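Here's entry27.json, which has JSON, N, CA and C atoms:
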[["chain", "number", "residue", "atom", "x", "y", "z"],
["A", 13, "MET", "N", 61.90, 89.69, 122.85],
["A", 13, "MET", "CA", 60.53, 90.10, 122.63],
["A", 13, "MET", "C", 59.62, 89.13, 123.38],
["A", 14, "LYS", "N", 58.67, 89.68, 124.09],
["A", 14, "LYS", "CA", 57.75, 88.87, 124.90],
["A", 14, "LYS", "C", 56.77, 88.11, 124.00],
["A", 15, "GLN", "N", 56.59, 86.84, 124.29],
["A", 15, "GLN", "CA", 55.59, 86.05, 123.60],
["A", 15, "GLN", "C", 54.22, 86.40, 124.18],
["A", 16, "THR", "N", 53.24, 86.56, 123.32],
["A", 16, "THR", "CA", 51.89, 86.88, 123.78],
["A", 16, "THR", "C", 50.96, 85.72, 123.45],
["A", 17, "THR", "N", 49.90, 85.66, 124.21],
["A", 17, "THR", "CA", 48.90, 84.61, 124.00],
["A", 17, "THR", "C", 47.85, 85.09, 123.01],
["A", 18, "HIS", "N", 47.07, 84.16, 122.53],
["A", 18, "HIS", "CA", 45.96, 84.50, 121.64],
["A", 18, "HIS", "C", 45.02, 85.50, 122.32],
["A", 19, "ALA", "N", 44.73, 85.27, 123.58],
["A", 19, "ALA", "CA", 43.82, 86.16, 124.32],
["A", 19, "ALA", "C", 44.40, 87.56, 124.45],
["A", 20, "GLU", "N", 45.70, 87.66, 124.70],
["A", 20, "GLU", "CA", 46.34, 88.98, 124.80],
["A", 20, "GLU", "C", 46.30, 89.71, 123.46],
["A", 21, "ASN", "N", 46.57, 88.98, 122.39],
["A", 21, "ASN", "CA", 46.53, 89.58, 121.06],
["A", 21, "ASN", "C", 45.13, 90.06, 120.71],
["A", 22, "LYS", "N", 44.15, 89.24, 121.02],
["A", 22, "LYS", "CA", 42.76, 89.60, 120.75],
["A", 22, "LYS", "C", 42.36, 90.85, 121.54],
["A", 23, "ALA", "N", 42.75, 90.91, 122.80],
["A", 23, "ALA", "CA", 42.44, 92.08, 123.63],
["A", 23, "ALA", "C", 43.08, 93.34, 123.06],
["A", 24, "LEU", "N", 44.31, 93.22, 122.58],
["A", 24, "LEU", "CA", 45.02, 94.37, 122.00],
["A", 24, "LEU", "C", 44.29, 94.88, 120.76],
["A", 25, "VAL", "N", 43.89, 93.97, 119.90],
["A", 25, "VAL", "CA", 43.18, 94.37, 118.67],
["A", 25, "VAL", "C", 41.84, 95.01, 119.02],
["A", 26, "LEU", "N", 41.12, 94.44, 119.97],
["A", 26, "LEU", "CA", 39.83, 95.01, 120.37],
["A", 26, "LEU", "C", 40.00, 96.40, 120.96],
["A", 27, "GLU", "N", 41.05, 96.62, 121.75],
["A", 27, "GLU", "CA", 41.34, 97.95, 122.30],
["A", 27, "GLU", "C", 41.62, 98.95, 121.17],
["A", 28, "ALA", "N", 42.42, 98.52, 120.20],
["A", 28, "ALA", "CA", 42.78, 99.40, 119.09],
["A", 28, "ALA", "C", 41.55, 99.78, 118.27],
["A", 29, "PHE", "N", 40.73, 98.80, 117.93],
["A", 29, "PHE", "CA", 39.54, 99.08, 117.14],
["A", 29, "PHE", "C", 38.53, 99.91, 117.93],
["A", 30, "ASP", "N", 38.42, 99.67, 119.23],
["A", 30, "ASP", "CA", 37.52, 100.46, 120.06],
["A", 30, "ASP", "C", 37.96, 101.92, 120.10],
["A", 31, "ALA", "N", 39.26, 102.14, 120.25],
["A", 31, "ALA", "CA", 39.78, 103.51, 120.30],
["A", 31, "ALA", "C", 39.50, 104.25, 118.99],
["A", 32, "LEU", "N", 39.74, 103.58, 117.87],
["A", 32, "LEU", "CA", 39.60, 104.26, 116.59],
["A", 32, "LEU", "C", 38.16, 104.33, 116.10],
["A", 33, "PHE", "N", 37.49, 103.20, 116.05],
["A", 33, "PHE", "CA", 36.18, 103.15, 115.40],
["A", 33, "PHE", "C", 35.00, 103.47, 116.31],
["A", 34, "ASN", "N", 35.09, 103.14, 117.59],
["A", 34, "ASN", "CA", 33.98, 103.41, 118.50],
["A", 34, "ASN", "C", 34.15, 104.75, 119.22],
["A", 35, "LYS", "N", 35.29, 104.93, 119.84],
["A", 35, "LYS", "CA", 35.52, 106.16, 120.60],
["A", 35, "LYS", "C", 36.00, 107.31, 119.74],
["A", 36, "ARG", "N", 36.55, 106.97, 118.56],
["A", 36, "ARG", "CA", 37.12, 107.97, 117.66],
["A", 36, "ARG", "C", 38.16, 108.83, 118.38],
["A", 37, "ASP", "N", 38.96, 108.14, 119.17],
["A", 37, "ASP", "CA", 40.03, 108.77, 119.93],
["A", 37, "ASP", "C", 41.32, 108.58, 119.14],
["A", 38, "TYR", "N", 41.62, 109.56, 118.29],
["A", 38, "TYR", "CA", 42.74, 109.44, 117.36],
["A", 38, "TYR", "C", 44.09, 109.53, 118.07],
["A", 39, "VAL", "N", 44.15, 110.21, 119.17],
["A", 39, "VAL", "CA", 45.40, 110.26, 119.96],
["A", 39, "VAL", "C", 45.69, 108.87, 120.53],
["A", 40, "ALA", "N", 44.68, 108.23, 121.09],
["A", 40, "ALA", "CA", 44.86, 106.88, 121.62],
["A", 40, "ALA", "C", 45.16, 105.90, 120.48],
["A", 41, "ALA", "N", 44.51, 106.07, 119.35],
["A", 41, "ALA", "CA", 44.71, 105.17, 118.21],
["A", 41, "ALA", "C", 46.13, 105.24, 117.68],
["A", 42, "GLU", "N", 46.79, 106.38, 117.83],
["A", 42, "GLU", "CA", 48.18, 106.51, 117.39],
["A", 42, "GLU", "C", 49.08, 105.52, 118.12],
["A", 43, "HIS", "N", 48.69, 105.12, 119.32],
["A", 43, "HIS", "CA", 49.45, 104.14, 120.10],
["A", 43, "HIS", "C", 49.44, 102.77, 119.41],
["A", 44, "TYR", "N", 48.38, 102.46, 118.70],
["A", 44, "TYR", "CA", 48.21, 101.14, 118.09],
["A", 44, "TYR", "C", 48.64, 101.09, 116.62],
["A", 45, "TRP", "N", 48.46, 102.18, 115.88],
["A", 45, "TRP", "CA", 48.81, 102.20, 114.47],
["A", 45, "TRP", "C", 50.16, 102.89, 114.30],
["A", 46, "SER", "N", 51.10, 102.21, 113.72],
["A", 46, "SER", "CA", 52.45, 102.73, 113.51],
["A", 46, "SER", "C", 52.42, 103.89, 112.51],
["A", 47, "PRO", "N", 53.32, 104.88, 112.68],
["A", 47, "PRO", "CA", 53.45, 105.93, 111.67],
["A", 47, "PRO", "C", 53.84, 105.34, 110.31],
["A", 48, "ASN", "N", 54.43, 104.16, 110.31],
["A", 48, "ASN", "CA", 54.85, 103.49, 109.08],
["A", 48, "ASN", "C", 53.82, 102.48, 108.58],
["A", 49, "TYR", "N", 52.61, 102.54, 109.11],
["A", 49, "TYR", "CA", 51.54, 101.61, 108.73],
["A", 49, "TYR", "C", 51.32, 101.65, 107.22],
["A", 50, "ILE", "N", 51.20, 100.49, 106.62],
["A", 50, "ILE", "CA", 50.97, 100.39, 105.18],
["A", 50, "ILE", "C", 49.50, 100.06, 104.95],
["A", 51, "GLN", "N", 48.81, 100.94, 104.26],
["A", 51, "GLN", "CA", 47.39, 100.77, 103.95],
["A", 51, "GLN", "C", 47.28, 100.09, 102.59],
["A", 52, "HIS", "N", 46.60, 98.96, 102.53],
["A", 52, "HIS", "CA", 46.52, 98.21, 101.28],
["A", 52, "HIS", "C", 45.22, 98.42, 100.51],
["A", 53, "SER", "N", 44.30, 99.18, 101.06],
["A", 53, "SER", "CA", 43.03, 99.41, 100.38],
["A", 53, "SER", "C", 43.20, 100.49, 99.30],
["A", 54, "ALA", "N", 42.64, 100.23, 98.14],
["A", 54, "ALA", "CA", 42.67, 101.22, 97.06],
["A", 54, "ALA", "C", 41.71, 102.38, 97.33],
["A", 55, "TYR", "N", 40.84, 102.21, 98.33],
["A", 55, "TYR", "CA", 39.81, 103.20, 98.61],
["A", 55, "TYR", "C", 40.16, 104.12, 99.77],
["A", 56, "ILE", "N", 41.28, 103.86, 100.42],
["A", 56, "ILE", "CA", 41.70, 104.66, 101.58],
["A", 56, "ILE", "C", 43.09, 105.20, 101.29],
["A", 57, "GLU", "N", 43.30, 106.45, 101.64],
["A", 57, "GLU", "CA", 44.60, 107.09, 101.43],
["A", 57, "GLU", "C", 45.71, 106.31, 102.16],
["A", 58, "PRO", "N", 46.94, 106.42, 101.70],
["A", 58, "PRO", "CA", 48.04, 105.66, 102.29],
["A", 58, "PRO", "C", 48.29, 106.00, 103.76],
["A", 59, "GLY", "N", 48.80, 105.02, 104.47],
["A", 59, "GLY", "CA", 49.31, 105.20, 105.82],
["A", 59, "GLY", "C", 48.26, 105.32, 106.91],
["A", 60, "ARG", "N", 48.78, 105.54, 108.11],
["A", 60, "ARG", "CA", 47.93, 105.66, 109.29],
["A", 60, "ARG", "C", 46.97, 106.82, 109.15],
["A", 61, "GLU", "N", 47.44, 107.93, 108.61],
["A", 61, "GLU", "CA", 46.57, 109.10, 108.47],
["A", 61, "GLU", "C", 45.41, 108.82, 107.52],
["A", 62, "GLY", "N", 45.63, 107.99, 106.54],
["A", 62, "GLY", "CA", 44.55, 107.62, 105.63],
["A", 62, "GLY", "C", 43.44, 106.88, 106.35],
["A", 63, "VAL", "N", 43.81, 105.97, 107.25],
["A", 63, "VAL", "CA", 42.82, 105.24, 108.04],
["A", 63, "VAL", "C", 42.06, 106.20, 108.94],
["A", 64, "PHE", "N", 42.79, 107.09, 109.60],
["A", 64, "PHE", "CA", 42.16, 108.04, 110.51],
["A", 64, "PHE", "C", 41.21, 108.97, 109.75],
["A", 65, "GLN", "N", 41.67, 109.49, 108.61],
["A", 65, "GLN", "CA", 40.84, 110.41, 107.83],
["A", 65, "GLN", "C", 39.60, 109.70, 107.28],
["A", 66, "SER", "N", 39.76, 108.48, 106.84],
["A", 66, "SER", "CA", 38.62, 107.71, 106.34],
["A", 66, "SER", "C", 37.57, 107.54, 107.43],
["A", 67, "ASN", "N", 38.02, 107.25, 108.63],
["A", 67, "ASN", "CA", 37.10, 107.07, 109.75],
["A", 67, "ASN", "C", 36.40, 108.39, 110.11],
["A", 68, "GLN", "N", 37.09, 109.51, 109.98],
["A", 68, "GLN", "CA", 36.50, 110.80, 110.29],
["A", 68, "GLN", "C", 35.44, 111.20, 109.28],
["A", 69, "LYS", "N", 35.54, 110.72, 108.06],
["A", 69, "LYS", "CA", 34.59, 111.07, 107.01],
["A", 69, "LYS", "C", 33.23, 110.41, 107.22],
["A", 70, "HIS", "N", 33.21, 109.28, 107.91],
["A", 70, "HIS", "CA", 31.97, 108.54, 108.07],
["A", 70, "HIS", "C", 31.36, 108.86, 109.44],
["A", 71, "PRO", "N", 30.08, 109.17, 109.45],
["A", 71, "PRO", "CA", 29.45, 109.51, 110.74],
["A", 71, "PRO", "C", 29.39, 108.28, 111.65],
["A", 72, "ALA", "N", 29.46, 108.55, 112.93],
["A", 72, "ALA", "CA", 29.31, 107.47, 113.92],
["A", 72, "ALA", "C", 27.88, 106.95, 113.80],
["A", 73, "ASP", "N", 27.72, 105.69, 114.13],
["A", 73, "ASP", "CA", 26.37, 105.10, 114.09],
["A", 73, "ASP", "C", 25.44, 105.88, 115.00],
["A", 74, "ALA", "N", 24.28, 106.17, 114.49],
["A", 74, "ALA", "CA", 23.28, 106.86, 115.29],
["A", 74, "ALA", "C", 22.61, 105.87, 116.23],
["A", 75, "GLU", "N", 22.24, 106.35, 117.39],
["A", 75, "GLU", "CA", 21.52, 105.48, 118.32],
["A", 75, "GLU", "C", 20.13, 105.23, 117.79],
["A", 76, "VAL", "N", 19.68, 104.02, 117.98],
["A", 76, "VAL", "CA", 18.35, 103.65, 117.46],
["A", 76, "VAL", "C", 17.35, 103.67, 118.59]]
Please lay out the structure from this file as structure tokens.
Amino acid sequence: MKQTTHAENKALVLEAFDALFNKRDYVAAEHYWSPNYIQHSAYIEPGREGVFQSNQKHPADAEV
């Protein structure tokens, strides 16, 4: 397994969050969130689909 740097890890997380929360590109987000993802929030349904569905329920920020 390849060792990654802090900068590489940070870039990966930023790409993942940008895909899901900013772009709302759920196909791209599937690349970052495992089908076996464990959701620990009591307010979000279990798994990757719970995260995706929770994000879909909330409107994107309106431009000011």
**OP:** Name the residues of chain A that come out as alpha helix (DSSP H) in a backbone DSSP run; write them as number ranges by chain.
**Re:** A: 18-29, 38-41, 59-69
**OP:** Could you tell me how far atom CA of A:Gln68 lies from atom CA of A:Arg36, in Å and to one decimal?
**Re:**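 Atom-to-atom, atom CA of A:Gln68 and atom CA of A:Arg36 are spaced 7.9 Å apart.
Proximity of A:Thr16, A:Ala23, A:Ala54, A:Phe64 to A:Glu42, computed with only C-alpha atoms, is greatest for A:Phe64.
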Subject >> Computed interatomic separation between atom N of A:Tyr44 and atom N of A:Ala28 (Å) >> reply: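 According to the coordinates, atom N of A:Tyr44 and atom N of A:Ala28 are separated by 7.3 Å.
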**OP:** Considering all atoms listed in the file, return as a PyMOL selection string whatever protein or nucleic-acid residues lie within 8 Å of A:Ile56, sequence-local ones (same chain, fewer than 6 positions apart) excluded.
**Re:** chain A and resi 62-63+65-66
Original post:
Using all atoms listed in the file, which residues sit within 8 Å of A:Ser46 once same-chain residues fewer than 5 positions away are excluded, as a list in words?
Top reply: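 Once the nearby chain positions are removed, what remains is Ala41, Gly59, Arg60 and Glu61 of chain A.
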**OP:** In the coordinate frame of the file, compute which residues have an atom within 6 Å of (38.5, 104.6, 112.3) when using only C-alpha atoms, and state them as a VMD selection string.
**Re:** chain A and resid 32 to 33 64 67
Using all atoms of stretch 31-50 of chain A listed in the file and a margin of 6 Å per side, can you give the axis-aligned box centre and edge lengths in Å to one decimal, as AutoDock Vina command-line options?
--center_x 44.4 --center_y 105.2 --center_z 113.3 --size_x 32.9 --size_y 22.2 --size_z 28.7
Original post:
Please, what distance in Å, to one decimal, runs between atom N of A:His43 and atom C of A:Ala31?
Top reply: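 Between these atoms lies a distance of 9.2 Å.
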